[in-house]
Amino acid sequence: MKEDERLLRLSDSYRETGADLELTCHVINITYKENRRILQKCQPLREYSCFIHQISQNRKSGMNLDTAIRKAIAYCIQHKIMQSFLENCREEVLQMMTLQWNAEEAKKVQEEERQEDIQEAENRGEAKGKAEGIAATTLKVVRNLLKKKLLSYEEIADTTDTTLDEVIRIAKESHLSY
(Lines give C-alpha, C1' and ligand atoms only; values in the text may rest on other atoms or scores of the structure.)
Protein backbone atom coordinates (compact mmCIF):
# COMPACT_ATOMS: atom_id res chain seq x y z
CA MET A 1 0.00 0.00 0.00
CA LYS A 2 1.30 3.46 -0.88
CA GLU A 3 2.11 5.99 1.87
CA ASP A 4 -0.82 8.21 0.93
CA GLU A 5 -3.29 5.34 1.06
CA ARG A 6 -4.70 3.06 3.72
CA LEU A 7 -7.46 0.53 4.18
CA LEU A 8 -10.13 1.05 6.80
CA ARG A 9 -12.21 -1.90 7.92
CA LEU A 10 -15.53 -1.50 9.65
CA SER A 11 -14.75 -4.48 11.86
CA ASP A 12 -11.74 -2.59 13.29
CA SER A 13 -14.26 -0.31 15.02
CA TYR A 14 -15.67 -3.11 17.15
CA ARG A 15 -14.19 -4.97 20.10
CA GLU A 16 -15.64 -8.32 19.09
CA THR A 17 -14.53 -10.10 15.95
CA GLY A 18 -16.30 -12.50 13.67
CA ALA A 19 -18.75 -10.17 11.98
CA ASP A 20 -20.87 -11.61 9.19
CA LEU A 21 -20.42 -8.52 7.07
CA GLU A 22 -17.19 -6.67 6.37
CA LEU A 23 -16.83 -3.26 4.79
CA THR A 24 -13.42 -2.21 3.54
CA CYS A 25 -12.74 1.32 2.36
CA HIS A 26 -9.71 2.39 0.40
CA VAL A 27 -8.82 5.84 1.75
CA ILE A 28 -6.57 8.15 -0.23
CA ASN A 29 -4.96 11.18 1.34
CA ILE A 30 -5.65 14.23 -0.85
CA THR A 31 -3.94 16.77 1.39
CA TYR A 32 -2.10 19.18 -0.88
CA LYS A 33 1.44 18.16 -1.85
CA GLU A 34 3.06 18.77 -5.20
CA ASN A 35 4.24 15.18 -5.65
CA ARG A 36 1.07 13.31 -4.69
CA ARG A 37 0.37 10.93 -7.53
CA ILE A 38 -3.42 11.19 -7.26
CA LEU A 39 -3.24 14.99 -7.40
CA GLN A 40 -0.97 14.90 -10.43
CA LYS A 41 -3.48 12.71 -12.26
CA CYS A 42 -6.66 14.61 -11.40
CA GLN A 43 -6.73 18.38 -11.94
CA PRO A 44 -10.07 19.06 -10.16
CA LEU A 45 -8.89 17.16 -7.10
CA ARG A 46 -5.52 18.97 -7.19
CA GLU A 47 -7.25 22.35 -7.42
CA TYR A 48 -9.66 21.56 -4.60
CA SER A 49 -6.77 20.32 -2.47
CA CYS A 50 -4.85 23.53 -3.20
CA PHE A 51 -7.88 25.62 -2.23
CA ILE A 52 -8.21 23.79 1.12
CA HIS A 53 -4.45 24.14 1.64
CA GLN A 54 -4.72 27.90 1.12
CA ILE A 55 -7.45 28.15 3.75
CA SER A 56 -5.34 26.13 6.18
CA GLN A 57 -2.28 28.28 5.58
CA ASN A 58 -4.32 31.44 6.06
CA ARG A 59 -5.71 30.09 9.34
CA LYS A 60 -2.22 29.16 10.52
CA SER A 61 -1.08 32.72 9.83
CA GLY A 62 -3.73 33.96 12.26
CA MET A 63 -6.63 34.93 10.01
CA ASN A 64 -10.16 34.36 11.22
CA LEU A 65 -12.13 31.75 9.29
CA ASP A 66 -14.15 34.12 7.12
CA THR A 67 -11.07 36.12 6.07
CA ALA A 68 -9.04 32.95 5.49
CA ILE A 69 -11.70 31.57 3.13
CA ARG A 70 -12.15 34.88 1.29
CA LYS A 71 -8.35 35.24 0.81
CA ALA A 72 -8.11 31.64 -0.41
CA ILE A 73 -10.91 32.28 -2.93
CA ALA A 74 -9.13 35.42 -4.16
CA TYR A 75 -5.80 33.59 -4.37
CA CYS A 76 -7.28 30.71 -6.34
CA ILE A 77 -9.11 33.00 -8.78
CA GLN A 78 -5.93 35.03 -9.29
CA HIS A 79 -3.91 31.84 -9.95
CA LYS A 80 -6.61 30.28 -12.15
CA ILE A 81 -7.39 27.52 -9.66
CA MET A 82 -11.08 26.60 -9.86
CA GLN A 83 -11.42 30.10 -11.31
CA SER A 84 -14.77 29.94 -13.09
CA PHE A 85 -16.41 27.92 -10.32
CA LEU A 86 -15.20 30.32 -7.62
CA GLU A 87 -16.19 33.38 -9.64
CA ASN A 88 -19.70 32.01 -10.22
CA CYS A 89 -20.29 30.45 -6.80
CA ARG A 90 -18.20 32.59 -4.44
CA GLU A 91 -20.91 33.11 -1.78
CA GLU A 92 -22.06 29.48 -1.84
CA VAL A 93 -18.46 28.33 -1.44
CA LEU A 94 -17.93 30.77 1.41
CA GLN A 95 -21.05 29.51 3.20
CA MET A 96 -20.23 25.86 2.57
CA MET A 97 -16.62 26.17 3.71
CA THR A 98 -17.61 28.12 6.81
CA LEU A 99 -20.06 25.37 7.71
CA GLN A 100 -17.51 22.62 6.97
CA TRP A 101 -14.75 24.27 9.02
CA ASN A 102 -17.13 25.04 11.87
CA ALA A 103 -18.18 21.38 11.88
CA GLU A 104 -14.51 20.37 12.02
CA GLU A 105 -13.89 22.81 14.87
CA ALA A 106 -16.93 21.40 16.66
CA LYS A 107 -15.52 17.88 16.23
CA LYS A 108 -12.18 19.01 17.66
CA VAL A 109 -13.87 20.67 20.63
CA GLN A 110 -16.05 17.60 21.14
CA GLU A 111 -12.97 15.35 21.10
CA GLU A 112 -11.15 17.64 23.56
CA GLU A 113 -14.17 17.58 25.87
CA ARG A 114 -14.37 13.80 25.54
CA GLN A 115 -10.70 13.52 26.53
CA GLU A 116 -11.31 15.83 29.51
CA ASP A 117 -14.31 13.71 30.54
CA ILE A 118 -12.19 10.57 30.31
CA GLN A 119 -9.47 12.18 32.43
CA GLU A 120 -12.02 13.32 35.02
CA ALA A 121 -13.53 9.84 35.12
CA GLU A 122 -10.08 8.31 35.55
CA ASN A 123 -9.32 10.78 38.34
CA ARG A 124 -12.65 10.00 40.02
CA GLY A 125 -11.97 6.31 39.59
CA GLU A 126 -8.50 6.73 41.06
CA ALA A 127 -9.88 8.67 44.03
CA LYS A 128 -12.66 6.11 44.46
CA GLY A 129 -10.10 3.31 44.25
CA LYS A 130 -7.94 4.99 46.89
CA ALA A 131 -10.95 5.50 49.14
CA GLU A 132 -11.99 1.87 48.70
CA GLY A 133 -8.43 0.76 49.42
CA ILE A 134 -8.28 2.84 52.57
CA ALA A 135 -11.69 1.54 53.67
CA ALA A 136 -10.61 -2.06 53.05
CA THR A 137 -7.39 -1.55 55.00
CA THR A 138 -9.24 0.12 57.86
CA LEU A 139 -11.74 -2.74 57.96
CA LYS A 140 -8.91 -5.27 58.10
CA VAL A 141 -7.14 -3.38 60.92
CA VAL A 142 -10.36 -3.03 62.91
CA ARG A 143 -11.07 -6.77 62.56
CA ASN A 144 -7.53 -7.67 63.63
CA LEU A 145 -7.78 -5.43 66.69
CA LEU A 146 -11.17 -6.91 67.55
CA LYS A 147 -9.73 -10.45 67.28
CA LYS A 148 -6.91 -9.60 69.71
CA LYS A 149 -9.35 -8.05 72.22
CA LEU A 150 -6.57 -5.83 73.57
CA LEU A 151 -8.36 -2.50 73.05
CA SER A 152 -11.82 -1.22 73.86
CA TYR A 153 -14.17 -0.30 71.01
CA GLU A 154 -13.47 3.38 71.77
CA GLU A 155 -9.70 2.86 71.59
CA ILE A 156 -10.05 0.95 68.30
CA ALA A 157 -12.15 3.81 66.90
CA ASP A 158 -9.53 6.37 67.99
CA THR A 159 -6.61 4.28 66.70
CA THR A 160 -8.14 3.63 63.28
CA ASP A 161 -9.79 7.05 62.87
CA THR A 162 -13.18 5.31 62.66
CA THR A 163 -16.42 6.09 64.42
CA LEU A 164 -17.47 4.07 67.44
CA ASP A 165 -20.67 3.05 65.62
CA GLU A 166 -18.58 1.74 62.71
CA VAL A 167 -16.40 -0.35 65.03
CA ILE A 168 -19.51 -1.80 66.70
CA ARG A 169 -21.05 -2.58 63.28
CA ILE A 170 -17.84 -4.33 62.11
CA ALA A 171 -17.68 -6.30 65.36
CA LYS A 172 -21.27 -7.53 64.95
CA GLU A 173 -20.91 -8.37 61.23
CA SER A 174 -17.65 -10.20 61.85
CA HIS A 175 -19.01 -12.00 64.92
CA LEU A 176 -16.22 -10.49 67.00
CA SER A 177 -18.29 -8.63 69.57
CA TYR A 178 -17.04 -8.47 73.15
# chains A, B, ... in the order shown; residues from 1 in each chain; ligands from 1

$ residues_around --residues "Ile77 (chain A)" --least-positions-apart "5" --cutoff "7 Å" --atoms "only C-alpha atoms" --output "list in words"
Met82, Gln83 and Leu86 of chain A

$ residues_around --residues "Lys172 (chain A)" --least-positions-apart "5" --cutoff "12 Å" --atoms "only C-alpha atoms" --output "PyMOL selection string"
chain A and resi 142-143+146+153+165-167+177-178

$ write_last_selection --atoms "all heavy atoms" --output "short mmCIF file (atom, residue, chain, number, x, y, z; two decimals), in the first residue's frame"
data_model
loop_
_atom_site.label_atom_id
_atom_site.label_comp_id
_atom_site.auth_asym_id
_atom_site.auth_seq_id
_atom_site.Cartn_x
_atom_site.Cartn_y
_atom_site.Cartn_z
N VAL A 142 -9.35 -2.96 61.86
CA VAL A 142 -10.36 -3.03 62.91
C VAL A 142 -10.64 -4.49 63.27
O VAL A 142 -10.70 -4.86 64.46
CB VAL A 142 -11.65 -2.28 62.49
CG1 VAL A 142 -12.80 -2.59 63.46
CG2 VAL A 142 -11.40 -0.79 62.41
N ARG A 143 -10.81 -5.34 62.30
CA ARG A 143 -11.07 -6.77 62.56
C ARG A 143 -9.92 -7.41 63.35
O ARG A 143 -10.15 -8.19 64.29
CB ARG A 143 -11.30 -7.53 61.25
CG ARG A 143 -12.67 -7.32 60.68
CD ARG A 143 -12.85 -8.17 59.43
NE ARG A 143 -14.16 -7.94 58.85
CZ ARG A 143 -14.43 -8.10 57.57
NH1 ARG A 143 -13.49 -8.49 56.73
NH2 ARG A 143 -15.64 -7.87 57.13
N LEU A 146 -10.05 -6.27 66.86
CA LEU A 146 -11.17 -6.91 67.55
C LEU A 146 -10.81 -8.35 67.93
O LEU A 146 -11.15 -8.84 69.01
CB LEU A 146 -12.43 -6.88 66.70
CG LEU A 146 -13.11 -5.52 66.54
CD1 LEU A 146 -14.16 -5.56 65.44
CD2 LEU A 146 -13.73 -5.07 67.87
N TYR A 153 -13.61 -0.79 72.27
CA TYR A 153 -14.17 -0.30 71.01
C TYR A 153 -13.78 1.17 70.79
O TYR A 153 -13.45 1.58 69.68
CB TYR A 153 -15.69 -0.43 71.00
CG TYR A 153 -16.22 -1.85 70.87
CD1 TYR A 153 -17.57 -2.09 70.95
CD2 TYR A 153 -15.38 -2.94 70.63
CE1 TYR A 153 -18.10 -3.38 70.83
CE2 TYR A 153 -15.89 -4.22 70.50
CZ TYR A 153 -17.24 -4.43 70.60
OH TYR A 153 -17.74 -5.71 70.47
N ASP A 165 -19.57 3.81 66.24
CA ASP A 165 -20.67 3.05 65.62
C ASP A 165 -20.14 2.11 64.54
O ASP A 165 -20.63 0.98 64.41
CB ASP A 165 -21.71 4.00 65.02
CG ASP A 165 -22.51 4.74 66.09
OD1 ASP A 165 -22.56 4.25 67.24
OD2 ASP A 165 -23.10 5.79 65.75
N GLU A 166 -19.15 2.57 63.77
CA GLU A 166 -18.58 1.74 62.71
C GLU A 166 -17.85 0.54 63.31
O GLU A 166 -17.96 -0.59 62.81
CB GLU A 166 -17.64 2.57 61.83
CG GLU A 166 -17.13 1.87 60.61
CD GLU A 166 -18.19 1.56 59.55
OE1 GLU A 166 -19.32 2.09 59.62
OE2 GLU A 166 -17.88 0.78 58.65
N VAL A 167 -17.11 0.75 64.38
CA VAL A 167 -16.40 -0.35 65.03
C VAL A 167 -17.41 -1.37 65.57
O VAL A 167 -17.23 -2.59 65.40
CB VAL A 167 -15.50 0.18 66.17
CG1 VAL A 167 -14.91 -0.98 66.99
CG2 VAL A 167 -14.39 1.05 65.61
N SER A 177 -17.84 -9.50 68.49
CA SER A 177 -18.29 -8.63 69.57
C SER A 177 -17.77 -9.11 70.91
O SER A 177 -17.68 -10.30 71.17
CB SER A 177 -19.82 -8.59 69.64
OG SER A 177 -20.35 -8.07 68.44
N TYR A 178 -17.42 -8.14 71.76
CA TYR A 178 -17.04 -8.47 73.15
C TYR A 178 -17.46 -7.39 74.08
O TYR A 178 -17.87 -6.34 73.77
CB TYR A 178 -15.54 -8.78 73.27
CG TYR A 178 -14.57 -7.77 72.76
CD1 TYR A 178 -14.12 -6.73 73.58
CD2 TYR A 178 -14.06 -7.83 71.47
CE1 TYR A 178 -13.18 -5.82 73.12
CE2 TYR A 178 -13.13 -6.92 71.01
CZ TYR A 178 -12.69 -5.91 71.85
OH TYR A 178 -11.77 -5.01 71.39
#

$ select_by_dssp --residues "chain A" --states "helix (DSSP H, G or I)" --output "VMD selection string"
chain A and resid 10 to 13 37 to 41 43 to 60 65 to 78 83 to 88 90 to 148 153 to 160 164 to 173

$ closest_residue --among "A:Asp158, A:Asp117, A:Glu105, A:Glu47" --to "Cys76 (chain A)" --atoms "only C-alpha atoms"
A:Glu47

$ closest_residue --among "A:Gln100, A:Thr162, A:Ser84, A:Gln54" --to "Arg70 (chain A)" --atoms "only C-alpha atoms"
A:Gln54

$ closest_residue --among "A:Ala136, A:Ile156, A:Cys42, A:Val27" --to "Glu5 (chain A)" --atoms "only C-alpha atoms"
A:Val27

$ residues_around --residues "Leu39 (chain A)" --least-positions-apart "4" --cutoff "12 Å" --atoms "only C-alpha atoms" --output "list in words"
Asp4, Ile28, Asn29, Ile30, Thr31, Tyr32, Lys33, Glu34, Asn35, Gln43, Pro44, Leu45, Arg46, Glu47, Tyr48, Ser49 and Cys50 of chain A

$ atom_distance --atom1 "CA of Arg6 (chain A)" --atom2 "CA of Cys25 (chain A)"
8.3 Å

$ closest_residue --among "A:Phe51, A:Gln57, A:Ala127, A:Glu111" --to "His79 (chain A)" --atoms "only C-alpha atoms"
A:Phe51

$ select_by_dssp --residues "chain A" --states "strand (DSSP E or B)" --output "ChimeraX atom specification"
/A:5-9,24-28

$ write_last_selection --atoms "N, CA and C atoms" --output "short mmCIF file (atom, residue, chain, number, x, y, z; two decimals), in the first residue's frame"
data_model
loop_
_atom_site.label_atom_id
_atom_site.label_comp_id
_atom_site.auth_asym_id
_atom_site.auth_seq_id
_atom_site.Cartn_x
_atom_site.Cartn_y
_atom_site.Cartn_z
N GLU A 5 -2.08 6.14 1.09
CA GLU A 5 -3.29 5.34 1.06
C GLU A 5 -3.33 4.41 2.26
N ARG A 6 -4.53 4.04 2.65
CA ARG A 6 -4.70 3.06 3.72
C ARG A 6 -6.07 2.41 3.58
N LEU A 7 -6.20 1.25 4.18
CA LEU A 7 -7.46 0.53 4.18
C LEU A 7 -8.11 0.67 5.55
N LEU A 8 -9.36 1.00 5.56
CA LEU A 8 -10.13 1.05 6.80
C LEU A 8 -11.14 -0.07 6.75
N ARG A 9 -11.25 -0.81 7.84
CA ARG A 9 -12.21 -1.90 7.92
C ARG A 9 -13.22 -1.57 9.01
N THR A 24 -14.78 -2.70 3.65
CA THR A 24 -13.42 -2.21 3.54
C THR A 24 -13.43 -0.99 2.64
N CYS A 25 -12.83 0.08 3.13
CA CYS A 25 -12.74 1.32 2.36
C CYS A 25 -11.29 1.62 2.05
N HIS A 26 -11.03 1.97 0.83
CA HIS A 26 -9.71 2.39 0.40
C HIS A 26 -9.67 3.91 0.54
N VAL A 27 -8.87 4.41 1.47
CA VAL A 27 -8.82 5.84 1.75
C VAL A 27 -7.55 6.42 1.15
N ILE A 28 -7.71 7.50 0.41
CA ILE A 28 -6.57 8.15 -0.23
C ILE A 28 -6.43 9.55 0.33
#

$ atom_distance --atom1 "CA of Asp161 (chain A)" --atom2 "CA of His175 (chain A)"
21.3 Å

$ atom_distance --atom1 "CA of Asn58 (chain A)" --atom2 "CA of Leu94 (chain A)"
14.4 Å

$ residues_around --residues "Val93 (chain A)" --least-positions-apart "3" --cutoff "12 Å" --atoms "only C-alpha atoms" --output "ChimeraX atom specification"
/A:48,51-52,66,69-70,72-73,82,85-90,96-101
